[in-house]
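Take a look at the structure below.
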Amino acid sequence: MNVVGIETSCDETAAAVVQDGKKILSSVVATSLKEHRDFGGIIPEIASRRQMEFIQTVVKRSLQKAHLKLKDVDLIATTVSPGLIGSLLVGAAFGRGLAFATKKPFIEVDHIMAHLYANFLGENPPPFPAVGLIVSGGHSALYLVESPTVYRLVGQTRDDAAGECFDKVARLLGLGYPGGPAIEKAAQKGEKGRISFPCAKLKGSYDFSFSGIKTSVLYYLKEHWNKRKVTIADIAYAFQESIVETLVQKTIDLCRQMRIATLLMGGGVSANSFLRKRIREEAQKCNISVFQPPLWLCTDNAAMIGGLGYHLFLQKHHRAYLKKGGRDAYAKRVRYHW
Ligand code: KG4
Ligand code: ZN
């Protein structure tokens with residue numbers, strides 16, 4: 001089954017053709033990122049205007065690259081939430097219009113669930129049950145994943161998302177936008193242990209809170225800048241380390257508590273090499289298998305939308321199915337062992 005995936009939830013305009021939920025025949029991503037840089041964040045109006053211009057060419061290009069014609073397409077899957085409303089509207093209206101005009105089925109896909117689905121693109125899908133860690137520009141959350149389409153939310157950020165925090169701190173440090181890759185690069189020259197920025201632990205909960213650390217960096221800069229021999233690289237290192245260790249600790253704790261030996265990662269921040277390395281190290285100690293999408297599938301793309309859309313269509317769901325009840329409901333129902 002050939003599925004055209006369409007993704008326009010933020011600054012990207014993306015289309016991909018995915019066969020049977022696993023084989024990526026093509027993936028095209030156009031972005032208006034450069035135009036947002038001077039503002040230090042995404043300007044929704046600019047993003048959606050560019051998406052209006054790009055969408056038709058991007059979808060056409062994805063079909064050409066897959067060596068397919070519209071008549072060879074069996075399903076159109078499009079991101080409908082969450083995201084910038086003007087941007088989502090462009091993709092959803094285009095996808096629906098295309099489906100209507102060509103008499104093909106149309107399916108709505110949830111962007112966050114699709115980020116986790118990036119792990120299932122390929123020949124060796126992860127086993128279930130799994131813990132899913134989503135860390136993107138707009139979301140940070142932990143899920144119990146029962147199948148490619150069934151998830152339970154266990155914890156989420158109470159304020160800033162991890163990616164949002166990277167972006168805001170990068171701005172404070174004058175490192176530009178997007179902040180995640182800029183902080184990762186700066187941190188490579190930083191020295192461990194010169195400063196530390198505490199991250200809220202929120203004991204007894206799988207929620208996160210990242211807004212405090214951003215304020216700590218701000219006050220540190222105000223009070224100590226030019227007084228101590230600490231560089232921007234050292235601050236970037238300390239900040240990245242604190243965010244990463246918080247994410248790693250909560251995620252591994254959840255795997256251990258639920259006795260789940262599979263861990264999936266997704267979202268833009270999961271491209272961070274320090275996070276990827278630290279989570280693999282800690283998971284190995286507990287015999288947990290970690291699945292991390294290749295870097296280009298961590299950030300926004302349409303292959304993950306086409307892939308998840310295929311499964312939703314087969315199951316006649318119209319969205320990834322987020323089940324009610326978190327850990328307790330899950331634990332009552334399933335007892336898995338190592
Ligand atoms: O998933 P994504 O492409 O878009 C959303 O769904 O939000 O994630 C974008 C976020 C941005 O905040 C960006 O700074 C962050 O992912 N990001 C990173 C890295 N690459 C992208 N954060 C840390 N390290 C990276 N290497
Ligand atoms: Zn995303």
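We name chains A, B, ... following the order of the structure tokens; residues begin at 1 in each chain, and ligands are numbered from 1 as shown.
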Please build the interface table for chain A against ligand 1 with a cut-off of 8 Å, listing for each qualifying residue the nearest atom pair and the distance in Å to one decimal; count only C-alpha atoms and all ligand atoms, order rows by chain and increasing number, and write it as a Markdown table.
```
| residue | atom | partner | partner_atom_place_in_ligand_line | distance |
| --- | --- | --- | --- | --- |
| A:Ser9 | CA | ligand 1 | 6 (O) | 7.5 |
| A:Cys10 | CA | ligand 1 | 4 (O) | 6.8 |
| A:Gly83 | CA | ligand 1 | 6 (O) | 7.6 |
| A:His111 | CA | ligand 1 | 6 (O) | 7.3 |
| A:Ile112 | CA | ligand 1 | 6 (O) | 7.3 |
| A:His115 | CA | ligand 1 | 1 (O) | 7.3 |
| A:Val135 | CA | ligand 1 | 1 (O) | 7.2 |
| A:Ser136 | CA | ligand 1 | 8 (O) | 4.0 |
| A:Gly137 | CA | ligand 1 | 7 (O) | 3.2 |
| A:Gly138 | CA | ligand 1 | 7 (O) | 4.6 |
| A:His139 | CA | ligand 1 | 7 (O) | 6.8 |
| A:Ala162 | CA | ligand 1 | 12 (O) | 7.2 |
| A:Gly163 | CA | ligand 1 | 12 (O) | 3.4 |
| A:Glu164 | CA | ligand 1 | 12 (O) | 4.8 |
| A:Cys165 | CA | ligand 1 | 12 (O) | 7.4 |
| A:Phe166 | CA | ligand 1 | 14 (O) | 5.7 |
| A:Asp167 | CA | ligand 1 | 14 (O) | 5.2 |
| A:Tyr177 | CA | ligand 1 | 14 (O) | 7.2 |
| A:Pro178 | CA | ligand 1 | 14 (O) | 4.5 |
| A:Gly179 | CA | ligand 1 | 14 (O) | 4.4 |
| A:Gly180 | CA | ligand 1 | 22 (N) | 3.2 |
| A:Pro181 | CA | ligand 1 | 26 (N) | 4.0 |
| A:Ala182 | CA | ligand 1 | 25 (C) | 7.6 |
| A:Ile183 | CA | ligand 1 | 24 (N) | 7.0 |
| A:Glu184 | CA | ligand 1 | 24 (N) | 5.6 |
| A:Gly266 | CA | ligand 1 | 1 (O) | 7.5 |
| A:Gly267 | CA | ligand 1 | 1 (O) | 3.9 |
| A:Gly268 | CA | ligand 1 | 8 (O) | 3.4 |
| A:Val269 | CA | ligand 1 | 22 (N) | 3.7 |
| A:Ser270 | CA | ligand 1 | 25 (C) | 6.8 |
| A:Ala271 | CA | ligand 1 | 26 (N) | 4.7 |
| A:Asn272 | CA | ligand 1 | 26 (N) | 3.6 |
| A:Ser273 | CA | ligand 1 | 26 (N) | 6.5 |
| A:Cys298 | CA | ligand 1 | 1 (O) | 6.4 |
| A:Thr299 | CA | ligand 1 | 3 (O) | 3.5 |
| A:Asp300 | CA | ligand 1 | 3 (O) | 4.2 |
| A:Asn301 | CA | ligand 1 | 3 (O) | 7.9 |
```
Can you list, as a list in words, every protein, DNA or RNA residue that comes within 7 Å of Ala130 of chain A when you count only C-alpha atoms, leaving out same-chain residues fewer than 3 positions away?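 With the cut-off at 7 Å, the set is Leu144, Val145, Glu146, Ile260, Ala261, Thr262, Leu263 and Leu264 of chain A.
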In Å, with one decimal, what is the gap from atom CA of Phe208 of chain A to atom CA of Gly307 of chain A?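 Distance reported for this atom pair: 28.8 Å.
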Which parts of segment 230-330 of chain A does DSSP call strand (DSSP E) when run on the backbone here, written out as a PyMOL selection string? chain A and resi 262-266+289-291+321-323
Give me, as a CSV table (one decimal) with N, CA and C atoms, in the first residue's frame, all polymer residues having an atom no more than 9 Å from Leu173 of chain A, counting only C-alpha atoms and skipping those fewer than 6 positions away in the same chain.
```
chain,number,residue,atom,x,y,z
A,183,ILE,N,23.5,24.7,20.9
A,183,ILE,CA,24.0,24.4,22.3
A,183,ILE,C,24.8,23.1,22.2
A,217,VAL,N,20.0,30.0,34.4
A,217,VAL,CA,21.0,30.4,33.4
A,217,VAL,C,21.0,31.9,33.3
A,218,LEU,N,19.8,32.5,33.2
A,218,LEU,CA,19.6,33.9,33.1
A,218,LEU,C,20.3,34.6,34.3
A,221,LEU,N,24.1,34.4,34.3
A,221,LEU,CA,24.7,35.3,33.3
A,221,LEU,C,24.7,36.7,33.9
A,232,ILE,N,31.0,30.5,27.5
A,232,ILE,CA,29.7,30.2,27.0
A,232,ILE,C,29.6,28.6,26.8
A,235,ILE,N,28.9,27.0,30.0
A,235,ILE,CA,27.4,27.1,30.4
A,235,ILE,C,26.6,26.2,29.6
A,236,ALA,N,26.9,26.1,28.3
A,236,ALA,CA,26.1,25.2,27.4
A,236,ALA,C,26.3,23.8,27.8
```
Nearest to ligand 2: which of A:Val290, A:Ala47, A:Ala114, A:Leu202 is it, counting only C-alpha atoms and all ligand atoms?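 Checking each of A:Val290, A:Ala47, A:Ala114, A:Leu202 against ligand 2, counting only C-alpha atoms and all ligand atoms, the winner is A:Ala114.
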Who sits within 10 Å of segment 93-107 of chain A, only C-alpha atoms, same chain under 2 positions skipped, as a VMD selection string: chain A and resid 3 to 7 52 55 to 56 59 70 to 71 73 to 80 88 to 91 109 305 to 306 308 to 310 312 to 313 316 to 319
My list of candidates is A:Leu254, A:Ile42, A:Ala303, A:Leu63. Which is closest to Leu153 of chain A when distances are computed with only C-alpha atoms? A:Leu254
Running DSSP on the backbone, which parts of segment 73-162 of chain A land in alpha helix (DSSP H), as a PyMOL selection string? chain A and resi 85-102+111-117+162
Please provide as a PyMOL selection string all residues within 7 Å of Asp160 of chain A, with the sequence filter that same-chain residues fewer than 5 positions apart are discarded (counting only C-alpha atoms). chain A and resi 165+209-211
For Ser196 of chain A, work out the shell of residues within 8 Å, counting only C-alpha atoms and skipping chain neighbours fewer than 3 positions away, then give it as a ChimeraX atom specification. /A:193,238-239,242
Record the distance separating atom CA of Ile213 of chain A and atom CA of Cys255 of chain A, expressed in Å with one decimal.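 Separation between atom CA of Ile213 of chain A and atom CA of Cys255 of chain A: 25.3 Å.
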Find, counting only C-alpha atoms, the residue in A:Ile24, A:Ala170, A:Leu133, A:Leu247 that gets nearest to Leu121 of chain A.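 Using only C-alpha atoms, Leu121 of chain A sits closest to A:Ile24.
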Can you list, as number ranges by chain, every protein, DNA or RNA residue that comes within 12 Å of Ser32 of chain A when you count only C-alpha atoms, leaving out same-chain residues fewer than 3 positions away? A: 8, 10-14, 29, 35-37, 41-54, 87
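Across the model, the gap from atom CA of Pro82 of chain A to atom CA of Val169 of chain A is 23.6 Å.
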